[in-house]
Structures are given as C-alpha cells and as structure tokens.
file upload_9.pdb (PDB, C-alpha atoms and all ligand atoms)
ATOM      1  CA  MET T 163     123.023 124.708  49.904
ATOM      2  CA  GLN T 164     120.240 127.014  51.071
ATOM      3  CA  PHE T 165     117.452 126.394  53.601
ATOM      4  CA  GLU T 166     115.010 126.682  50.681
ATOM      5  CA  ASN T 167     116.455 123.425  49.255
ATOM      6  CA  LEU T 168     115.923 121.412  52.433
ATOM      7  CA  ASN T 169     112.192 120.836  52.001
ATOM      8  CA  ILE T 170     111.286 122.572  55.257
ATOM      9  CA  SER T 171     107.664 123.670  55.615
ATOM     10  CA  LYS T 172     106.964 127.333  54.827
ATOM     11  CA  PRO T 173     106.176 128.661  58.341
ATOM     12  CA  VAL T 174     109.424 127.240  59.760
ATOM     13  CA  LEU T 175     111.453 128.399  56.755
ATOM     14  CA  ARG T 176     110.053 131.899  57.125
ATOM     15  CA  ALA T 177     111.049 132.027  60.814
ATOM     16  CA  LEU T 178     114.593 130.858  59.993
ATOM     17  CA  LEU T 179     115.025 133.446  57.256
ATOM     18  CA  GLU T 180     113.734 136.164  59.583
ATOM     19  CA  GLU T 181     116.408 135.133  62.094
ATOM     20  CA  GLY T 182     118.937 135.928  59.397
ATOM     21  CA  TYR T 183     119.816 132.271  58.793
ATOM     22  CA  THR T 184     120.385 131.978  55.074
ATOM     23  CA  LYS T 185     122.699 128.998  54.796
ATOM     24  CA  PRO T 186     122.298 125.855  56.879
ATOM     25  CA  SER T 187     125.384 124.952  58.913
ATOM     26  CA  PRO T 188     127.081 121.594  58.080
ATOM     27  CA  ILE T 189     125.248 119.733  60.852
ATOM     28  CA  GLN T 190     121.948 121.160  59.631
ATOM     29  CA  THR T 191     122.660 120.239  55.991
ATOM     30  CA  GLU T 192     123.494 116.669  57.001
ATOM     31  CA  SER T 193     120.861 116.116  59.706
ATOM     32  CA  ILE T 194     117.699 117.848  58.520
ATOM     33  CA  PRO T 195     117.001 115.729  55.381
ATOM     34  CA  PRO T 196     117.266 112.291  57.105
ATOM     35  CA  LEU T 197     115.339 113.556  60.120
ATOM     36  CA  LEU T 198     112.561 114.846  57.853
ATOM     37  CA  GLU T 199     112.447 111.363  56.355
ATOM     38  CA  GLY T 200     111.984 109.838  59.804
ATOM     39  CA  TYR T 201     115.437 108.363  60.497
ATOM     40  CA  ASP T 202     116.974 108.472  63.973
ATOM     41  CA  LEU T 203     120.177 110.454  64.383
ATOM     42  CA  LEU T 204     123.476 110.070  66.188
ATOM     43  CA  GLY T 205     125.062 113.521  66.165
ATOM     44  CA  CYS T 206     128.631 114.036  67.311
ATOM     45  CA  ALA T 207     128.738 117.794  67.657
ATOM     46  CA  GLN T 208     129.176 120.473  70.264
ATOM     47  CA  THR T 209     127.329 123.702  71.001
ATOM     48  CA  GLY T 210     128.118 126.358  68.416
ATOM     49  CA  THR T 211     127.672 124.076  65.401
ATOM     50  CA  GLY T 212     123.980 124.912  65.022
ATOM     51  CA  LYS T 213     122.873 121.541  66.436
ATOM     52  CA  THR T 214     119.790 122.972  68.148
ATOM     53  CA  ALA T 215     118.189 124.002  64.848
ATOM     54  CA  ALA T 216     119.359 120.689  63.348
ATOM     55  CA  PHE T 217     116.932 118.842  65.636
ATOM     56  CA  ALA T 218     114.359 121.590  66.358
ATOM     57  CA  VAL T 219     113.505 122.306  62.704
ATOM     58  CA  PRO T 220     112.570 118.709  61.734
ATOM     59  CA  ILE T 221     110.640 118.256  64.996
ATOM     60  CA  LEU T 222     108.642 121.461  64.438
ATOM     61  CA  ASP T 223     108.042 120.410  60.872
ATOM     62  CA  ALA T 224     106.700 116.989  61.879
ATOM     63  CA  LEU T 225     104.581 118.310  64.744
ATOM     64  CA  SER T 226     103.010 121.065  62.671
ATOM     65  CA  PHE T 227     102.016 118.433  60.155
ATOM     66  CA  ALA T 228     100.553 116.187  62.884
ATOM     67  CA  GLN T 229      98.727 119.153  64.364
ATOM     68  CA  ARG T 230      96.983 119.957  61.106
ATOM     69  CA  SER T 231      95.379 116.518  61.182
ATOM     70  CA  SER T 232      94.327 116.679  64.876
ATOM     71  CA  PRO T 233      94.575 120.286  66.157
ATOM     72  CA  ALA T 234      92.799 119.729  69.488
ATOM     73  CA  ARG T 235      95.288 117.249  70.938
ATOM     74  CA  LYS T 236      97.520 119.084  73.403
ATOM     75  CA  GLU T 237      99.840 116.453  74.799
ATOM     76  CA  ILE T 238     103.614 116.176  74.993
ATOM     77  CA  LYS T 239     104.771 115.019  71.573
ATOM     78  CA  ALA T 240     108.427 116.022  71.745
ATOM     79  CA  LEU T 241     110.788 115.640  74.704
ATOM     80  CA  ILE T 242     114.237 117.226  74.748
ATOM     81  CA  LEU T 243     116.532 116.320  77.648
ATOM     82  CA  ALA T 244     119.323 118.785  78.407
ATOM     83  CA  PRO T 245     121.893 118.723  81.227
ATOM     84  CA  THR T 246     121.560 122.289  82.537
ATOM     85  CA  ARG T 247     118.956 124.922  83.166
ATOM     86  CA  GLU T 248     120.800 127.362  80.870
ATOM     87  CA  LEU T 249     120.873 124.947  77.946
ATOM     88  CA  ALA T 250     117.237 123.927  78.515
ATOM     89  CA  ILE T 251     116.147 127.584  78.442
ATOM     90  CA  GLN T 252     118.182 128.224  75.277
ATOM     91  CA  ILE T 253     116.638 125.212  73.542
ATOM     92  CA  GLY T 254     113.155 126.319  74.590
ATOM     93  CA  GLU T 255     113.826 129.762  73.129
ATOM     94  CA  SER T 256     114.996 128.193  69.868
ATOM     95  CA  PHE T 257     111.761 126.187  69.563
ATOM     96  CA  ASP T 258     109.769 129.373  70.209
ATOM     97  CA  THR T 259     111.801 131.309  67.624
ATOM     98  CA  TYR T 260     111.757 128.720  64.833
ATOM     99  CA  GLY T 261     108.151 127.798  65.621
ATOM    100  CA  LYS T 262     106.749 131.299  65.920
ATOM    101  CA  TYR T 263     104.416 130.833  62.921
ATOM    102  CA  LEU T 264     103.074 127.533  64.272
ATOM    103  CA  SER T 265     100.563 127.111  67.065
ATOM    104  CA  LEU T 266     102.674 124.700  69.090
ATOM    105  CA  LYS T 267     103.398 125.304  72.770
ATOM    106  CA  THR T 268     106.753 124.698  74.431
ATOM    107  CA  ALA T 269     107.507 124.471  78.155
ATOM    108  CA  VAL T 270     110.884 124.312  79.891
ATOM    109  CA  ILE T 271     111.356 122.601  83.252
ATOM    110  CA  PHE T 272     114.476 122.399  85.443
ATOM    111  CA  GLY T 273     115.345 121.956  89.101
ATOM    112  CA  GLY T 274     116.469 124.435  91.744
ATOM    113  CA  VAL T 275     113.377 126.634  91.441
ATOM    114  CA  SER T 276     109.735 126.401  92.507
ATOM    115  CA  GLN T 277     107.862 123.823  90.472
ATOM    116  CA  TYR T 278     104.600 125.780  90.517
ATOM    117  CA  PRO T 279     105.059 127.900  87.333
ATOM    118  CA  GLN T 280     106.263 124.744  85.581
ATOM    119  CA  THR T 281     103.297 122.594  86.620
ATOM    120  CA  LYS T 282     100.975 125.462  85.672
ATOM    121  CA  ALA T 283     102.506 125.569  82.186
ATOM    122  CA  LEU T 284     102.224 121.783  81.899
ATOM    123  CA  ALA T 285      98.571 121.837  82.963
ATOM    124  CA  SER T 286      97.736 124.378  80.245
ATOM    125  CA  GLY T 287      98.642 121.767  77.612
ATOM    126  CA  ILE T 288     101.942 121.725  75.775
ATOM    127  CA  ASP T 289     103.342 120.059  72.679
ATOM    128  CA  ILE T 290     107.084 120.302  73.297
ATOM    129  CA  LEU T 291     108.849 119.791  76.628
ATOM    130  CA  VAL T 292     112.471 120.731  77.279
ATOM    131  CA  ALA T 293     113.663 119.345  80.607
ATOM    132  CA  THR T 294     116.576 118.508  82.828
ATOM    133  CA  PRO T 295     116.354 114.848  83.932
ATOM    134  CA  GLY T 296     115.957 115.256  87.726
ATOM    135  CA  ARG T 297     113.042 117.679  87.681
ATOM    136  CA  LEU T 298     111.407 115.727  84.903
ATOM    137  CA  LEU T 299     111.452 112.498  86.939
ATOM    138  CA  ASP T 300     110.150 114.410  89.913
ATOM    139  CA  LEU T 301     107.175 115.755  87.937
ATOM    140  CA  ILE T 302     106.550 112.358  86.317
ATOM    141  CA  GLY T 303     106.395 110.896  89.854
ATOM    142  CA  GLN T 304     103.843 113.543  90.805
ATOM    143  CA  ARG T 305     101.868 112.783  87.630
ATOM    144  CA  TYR T 306     102.225 116.239  86.140
ATOM    145  CA  VAL T 307     104.015 114.795  83.127
ATOM    146  CA  LYS T 308     102.940 111.905  80.906
ATOM    147  CA  LEU T 309     105.290 110.692  78.217
ATOM    148  CA  ALA T 310     102.928 108.160  76.634
ATOM    149  CA  ASN T 311     102.429 110.277  73.497
ATOM    150  CA  VAL T 312     106.019 111.322  72.855
ATOM    151  CA  SER T 313     106.840 110.763  69.193
ATOM    152  CA  HIS T 314     110.138 112.718  69.113
ATOM    153  CA  PHE T 315     112.944 112.406  71.658
ATOM    154  CA  VAL T 316     116.251 114.266  71.869
ATOM    155  CA  LEU T 317     119.068 113.550  74.279
ATOM    156  CA  ASP T 318     121.322 116.599  74.095
ATOM    157  CA  GLU T 319     124.897 116.797  75.439
ATOM    158  CA  ALA T 320     124.947 113.217  76.700
ATOM    159  CA  ASP T 321     128.616 113.490  77.708
ATOM    160  CA  ARG T 322     127.881 116.453  79.966
ATOM    161  CA  MET T 323     125.041 114.509  81.554
ATOM    162  CA  LEU T 324     127.528 111.770  82.359
ATOM    163  CA  ASP T 325     129.949 114.317  83.886
ATOM    164  CA  MET T 326     127.123 115.716  85.988
ATOM    165  CA  GLY T 327     126.110 112.285  87.337
ATOM    166  CA  MET T 328     122.771 112.235  85.505
ATOM    167  CA  LEU T 329     123.125 108.953  83.662
ATOM    168  CA  ARG T 330     120.853 106.931  85.959
ATOM    169  CA  ASP T 331     118.116 109.550  85.754
ATOM    170  CA  VAL T 332     118.462 109.675  81.964
ATOM    171  CA  LYS T 333     118.020 105.911  81.736
ATOM    172  CA  ARG T 334     114.948 106.084  83.974
ATOM    173  CA  VAL T 335     113.404 108.715  81.687
ATOM    174  CA  ILE T 336     114.159 106.631  78.594
ATOM    175  CA  ALA T 337     112.362 103.663  80.185
ATOM    176  CA  GLU T 338     109.202 105.811  80.339
ATOM    177  CA  LEU T 339     109.184 106.600  76.612
ATOM    178  CA  PRO T 340     107.012 104.855  74.043
ATOM    179  CA  LYS T 341     109.023 102.401  71.951
ATOM    180  CA  LYS T 342     107.754 103.811  68.675
ATOM    181  CA  ARG T 343     109.355 107.238  68.306
ATOM    182  CA  GLN T 344     112.007 109.178  66.435
ATOM    183  CA  SER T 345     115.132 109.671  68.538
ATOM    184  CA  MET T 346     118.154 111.945  68.317
ATOM    185  CA  PHE T 347     121.288 111.555  70.384
ATOM    186  CA  PHE T 348     123.857 114.360  70.598
ATOM    187  CA  SER T 349     127.218 114.314  72.291
ATOM    188  CA  ALA T 350     130.477 116.162  71.629
ATOM    189  CA  THR T 351     132.509 113.176  72.853
ATOM    190  CA  MET T 352     131.752 109.492  73.386
ATOM    191  CA  PRO T 353     133.313 108.258  76.644
ATOM    192  CA  PRO T 354     132.959 104.474  77.233
ATOM    193  CA  GLU T 355     130.317 104.966  79.957
ATOM    194  CA  ILE T 356     127.831 106.294  77.397
ATOM    195  CA  ALA T 357     128.979 104.361  74.331
ATOM    196  CA  ASP T 358     126.104 101.860  74.692
ATOM    197  CA  LEU T 359     123.430 104.544  75.028
ATOM    198  CA  PRO T 360     122.939 105.212  71.293
ATOM    199  CA  VAL T 361     122.359 101.479  70.804
ATOM    200  CA  THR T 362     119.578 101.482  73.403
ATOM    201  CA  ILE T 363     117.992 104.743  72.284
ATOM    202  CA  LEU T 364     118.259 104.685  68.499
ATOM    203  CA  SER T 365     116.893 102.318  65.904
ATOM    204  CA  ASN T 366     117.390 102.953  62.201
ATOM    205  CA  HIS T 367     119.827 105.865  62.474
ATOM    206  CA  VAL T 368     122.245 107.973  60.501
ATOM    207  CA  LYS T 369     125.472 109.262  62.019
ATOM    208  CA  VAL T 370     126.634 112.847  61.594
ATOM    209  CA  GLU T 371     129.976 114.037  62.902
ATOM    210  CA  ILE T 372     130.716 117.771  62.805
ATOM    211  CA  THR T 373     133.504 119.758  64.387
ATOM    212  CA  ALA T 374     133.263 123.083  62.523
ATOM    213  CA  LEU T 375     131.752 125.837  64.659
ATOM    214  CA  LEU T 376     129.436 128.311  62.927
ATOM    215  CA  SER T 377     131.676 131.142  64.080
ATOM    216  CA  THR T 378     134.590 129.717  62.101
ATOM    217  CA  LEU T 379     132.716 129.055  58.844
TER     218      LEU T 379
HETATM  219  P1  LIG G 401     123.856 125.879  68.636
HETATM  220  O1  LIG G 401     125.059 125.109  68.246
HETATM  221  O2  LIG G 401     122.585 125.210  68.284
HETATM  222  O3  LIG G 401     123.885 126.315  70.081
HETATM  223  O4  LIG G 401     123.841 127.242  67.748
HETATM  224  C1  LIG G 401     124.849 128.215  67.886
HETATM  225  C2  LIG G 401     124.372 129.600  67.440
HETATM  226  O5  LIG G 401     124.299 129.668  66.017
HETATM  227  C3  LIG G 401     123.022 130.022  67.961
HETATM  228  O6  LIG G 401     123.136 131.339  68.429
HETATM  229  C4  LIG G 401     122.117 129.984  66.745
HETATM  230  O7  LIG G 401     121.131 130.985  66.820
HETATM  231  C5  LIG G 401     123.052 130.228  65.596
HETATM  232  N1  LIG G 401     122.691 129.537  64.336
HETATM  233  C6  LIG G 401     122.234 128.265  64.228
HETATM  234  N2  LIG G 401     122.064 127.915  62.942
HETATM  235  C7  LIG G 401     122.431 128.992  62.187
HETATM  236  C8  LIG G 401     122.489 129.261  60.770
HETATM  237  N3  LIG G 401     122.151 128.339  59.882
HETATM  238  N4  LIG G 401     122.912 130.470  60.370
HETATM  239  C9  LIG G 401     123.274 131.387  61.286
HETATM  240  N5  LIG G 401     123.245 131.218  62.625
HETATM  241  C10 LIG G 401     122.825 130.042  63.090
END

call {"tool": "encode", "arguments": {"input": "upload_9.pdb", "output": "structure tokens"}}
result
Amino acid sequence: MQFENLNISKPVLRALLEEGYTKPSPIQTESIPPLLEGYDLLGCAQTGTGKTAAFAVPILDALSFAQRSSPARKEIKALILAPTRELAIQIGESFDTYGKYLSLKTAVIFGGVSQYPQTKALASGIDILVATPGRLLDLIGQRYVKLANVSHFVLDEADRMLDMGMLRDVKRVIAELPKKRQSMFFSATMPPEIADLPVTILSNHVKVEITALLSTL
C-alpha cells in the first residue's frame, strides 16, 4: 500500500511525500479510507503508530474541499482535544506540515501561559483548533471560542485525560459540540471509566486497533 492509493487530495499527498512518508503506517492504511468516506472512528493506538496523520490527513482533505466551495468562511471547523501542551503543540505542527499547500489556519491553545497570544490567534480567524480541555472551556466561557460550526472532532489520548483528571472538562466540551459531525476517538487503553465515552461521542463508526509502532515496522 502506498499513500498514492489512498485517494488523498493532491496538495496533502504532496506534503506527505515531501516529509519522506512513502508508505502509510497500519493505522493510516486502516483509518484513512473510512474517514474519507465520512465514518466515525474508534482508534485503539498509542503515540508512535502514526495516529496523528491518520486523523489529520482526512480532516485536512475534507476541510480543503469545504473551503473550495466557501473560501471566505473562517470559523472553527475541526476541534482536536489533547491532554497536554506538548501533545497539542505536536498535533498543531502536524496539521501545519501536512496542510502546508492548503490555505487553512490552525491554532493551538493550552493552559499555564498567558491567553493573549491565543485569543489574538483565535480572533484572526482559524479553521482548525487544537486544545487542552481546561483552557478551551475557559476561552469558551469568555466567548473567544465558538464550537457551533465544528464538523470534525478528535478526542486524542482519552486514557491520559482520565489519568490527568480531565474527564469532566472533556464531557463539558463535548456537550458544546454540534450533533452533526464526524468524530474520532483515540486511546491506547480502555479503562472502565472511559468505556462509555465512545458510545456517547461516536455514531456510525469503524474500530481500528493497532499496536505496531512505526519504529518497529
Ligand atoms: P504519531 O504516532 O502520530 O505521534 O507519529 C509518530 C511519528 O511517526 C511522527 O514523528 C510522524 O512524523 C511519523 N510518521 C507518521 N506517519 C508516518 C509515515 N507514514 N511514514 C513515516 N513516518 C511517519
């Protein structure tokens, strides 16, 4: 399997090939086609499997298509929730890398730092928001963030969010999302406390379970 066979739009494919990605990793091979078709996804996989591209590529693909039909609309269309600042930054960088030939804007927000640069970025109009749950709720409360137009939602590393005591905040964010959306849920493990989450978040979904790390392939 090659990326060329996955039906990814040309600008995204070009960015991936320039990154030196020739072959999709197992999670990418299994997740990208159903996500491109609009299914929801339950992904059991950890960092190092290539899961970020598995969700970022189909989202970029869909948003670039939507943008061609209404280019002027700068509103948050994709929301990615991540447990830590480091992971949020990494995910934001991946969207920038894979989306470098698209005119979509990504912002990353997380707590523990001044909110001003983040609210400034939000005010300039963004398409993709990567956020940790606490700061996101804070900025929703202050009306800097509106989630009414989110069409793509990713919950990344749900088990780590549980460990970090973020479950209540995550559920509050989910309650703010439009019902009609494509959702992706990723977790390396499925402790009982989060076992009901996929049921609440996902509708018509496929399940992908991957343990092989890219470094071992
Ligand atoms: P992730 O599991 O998303 O954190 O990805 C782990 C690492 O693998 C990151 O450094 C990615 O840049 C890299 N990566 C992701 N997909 C591929 C691929 N298909 N080929 C080569 N490297 C990749």

call {"tool": "residues_near_ligand", "arguments": {"input": "upload_9.pdb", "ligand": "ligand LIG 401 (chain G)", "cutoff": "8 Å", "atoms": "only C-alpha atoms and all ligand atoms", "output": "list of chain:residue names"}}
result
T:Leu178, T:Glu181, T:Gly182, T:Tyr183, T:Thr184, T:Lys185, T:Pro186, T:Ser187, T:Gln190, T:Gln208, T:Thr209, T:Gly210, T:Thr211, T:Gly212, T:Lys213, T:Thr214, T:Ala215, T:Ala216, T:Gln252, T:Ile253, T:Ser256, T:Leu375, T:Leu376, T:Ser377

call {"tool": "resolve_selection", "arguments": {"input": "upload_9.pdb", "expression": "the PyMOL selection byres (((chain T and resi 291-307) around 6) and not hetatm)", "output": "number ranges by chain"}}
result
T: 241-245, 250, 268-273, 290, 308, 331-332

call {"tool": "residues_around", "arguments": {"input": "upload_9.pdb", "residues": "Val312 (chain T)", "least_positions_apart": "4", "cutoff": "10 Å", "atoms": "all atoms listed in the file", "output": "ChimeraX atom specification"}}
result
/T:237-241,289-291,308,338-344

call {"tool": "residues_near_point", "arguments": {"input": "upload_9.pdb", "point": "(113.6, 123.7, 52.0)", "cutoff": "12 Å", "atoms": "only C-alpha atoms", "output": "PyMOL selection string"}}
result
chain T and resi 163-176+178-179+184-186+190-191+194-195+198+219-220+223

call {"tool": "residues_around", "arguments": {"input": "upload_9.pdb", "residues": "Phe257 (chain T)", "least_positions_apart": "3", "cutoff": "8 Å", "atoms": "all atoms listed in the file", "output": "mmCIF file with C-alpha atoms, keeping the file's coordinate frame"}}
result
data_model
loop_
_atom_site.group_PDB
_atom_site.id
_atom_site.type_symbol
_atom_site.label_atom_id
_atom_site.label_comp_id
_atom_site.auth_asym_id
_atom_site.auth_seq_id
_atom_site.Cartn_x
_atom_site.Cartn_y
_atom_site.Cartn_z
ATOM 1 C CA ALA T 218 114.359 121.590 66.358
ATOM 2 C CA LEU T 222 108.642 121.461 64.438
ATOM 3 C CA ILE T 253 116.638 125.212 73.542
ATOM 4 C CA GLY T 254 113.155 126.319 74.590
ATOM 5 C CA TYR T 260 111.757 128.720 64.833
ATOM 6 C CA GLY T 261 108.151 127.798 65.621
ATOM 7 C CA THR T 268 106.753 124.698 74.431
#

call {"tool": "closest_residue", "arguments": {"input": "upload_9.pdb", "among": "T:Val316, T:Ala285, T:Ile189, T:Glu180", "to": "Glu371 (chain T)", "atoms": "only C-alpha atoms"}}
result
T:Ile189

call {"tool": "axis_aligned_box", "arguments": {"input": "upload_9.pdb", "around": "region 345-363 of chain T", "padding_each_side": "5 Å", "output": "JSON"}}
result
{"center_x": 124.2, "center_y": 108.8, "center_z": 74.1, "size_x": 28.2, "size_y": 24.7, "size_z": 21.6}

call {"tool": "resolve_selection", "arguments": {"input": "upload_9.pdb", "expression": "the PyMOL selection byres (((chain T and resi 348) around 7) and not hetatm)", "output": "PDB file with C-alpha atoms, in the frame of the given file"}}
result
ATOM      1  CA  LEU T 204     123.476 110.070  66.188  1.00  0.00           C
ATOM      2  CA  GLY T 205     125.062 113.521  66.165  1.00  0.00           C
ATOM      3  CA  CYS T 206     128.631 114.036  67.311  1.00  0.00           C
ATOM      4  CA  ALA T 207     128.738 117.794  67.657  1.00  0.00           C
ATOM      5  CA  LEU T 317     119.068 113.550  74.279  1.00  0.00           C
ATOM      6  CA  ASP T 318     121.322 116.599  74.095  1.00  0.00           C
ATOM      7  CA  GLU T 319     124.897 116.797  75.439  1.00  0.00           C
ATOM      8  CA  ALA T 320     124.947 113.217  76.700  1.00  0.00           C
ATOM      9  CA  MET T 346     118.154 111.945  68.317  1.00  0.00           C
ATOM     10  CA  PHE T 347     121.288 111.555  70.384  1.00  0.00           C
ATOM     11  CA  SER T 349     127.218 114.314  72.291  1.00  0.00           C
ATOM     12  CA  ALA T 350     130.477 116.162  71.629  1.00  0.00           C
TER      13      ALA T 350
END

call {"tool": "closest_residue", "arguments": {"input": "upload_9.pdb", "among": "T:Leu309, T:Ile372, T:Ile336, T:Ala177", "to": "Leu264 (chain T)", "atoms": "only C-alpha atoms"}}
result
T:Ala177

call {"tool": "atom_distance", "arguments": {"input": "upload_9.pdb", "atom1": "CA of Pro354 (chain T)", "atom2": "CA of Ser313 (chain T)"}}
result
28.0 Å

call {"tool": "atom_distance", "arguments": {"input": "upload_9.pdb", "atom1": "CA of His314 (chain T)", "atom2": "CA of Ile221 (chain T)"}}
result
6.9 Å

call {"tool": "residues_around", "arguments": {"input": "upload_9.pdb", "residues": "Val275 (chain T)", "least_positions_apart": "5", "cutoff": "12 Å", "atoms": "all atoms listed in the file", "output": "PyMOL selection string"}}
result
chain T and resi 247+280-281+297

call {"tool": "atom_distance", "arguments": {"input": "upload_9.pdb", "atom1": "CA of Ile356 (chain T)", "atom2": "CA of Leu329 (chain T)"}}
result
8.3 Å

call {"tool": "closest_residue", "arguments": {"input": "upload_9.pdb", "among": "T:His367, T:Pro188, T:Leu249, T:Glu355", "to": "Met328 (chain T)", "atoms": "only C-alpha atoms"}}
result
T:Glu355

call {"tool": "closest_residue", "arguments": {"input": "upload_9.pdb", "among": "T:Glu248, T:Ile363, T:Arg322, T:Lys262", "to": "Ala337 (chain T)", "atoms": "only C-alpha atoms"}}
result
T:Ile363

call {"tool": "closest_residue", "arguments": {"input": "upload_9.pdb", "among": "T:Tyr263, T:Gln229, T:Ser276, T:Lys333", "to": "Asp358 (chain T)", "atoms": "only C-alpha atoms"}}
result
T:Lys333

call {"tool": "closest_residue", "arguments": {"input": "upload_9.pdb", "among": "T:Thr373, T:Ser345, T:Asn311, T:Gln277", "to": "Gly200 (chain T)", "atoms": "all atoms listed in the file"}}
result
T:Ser345
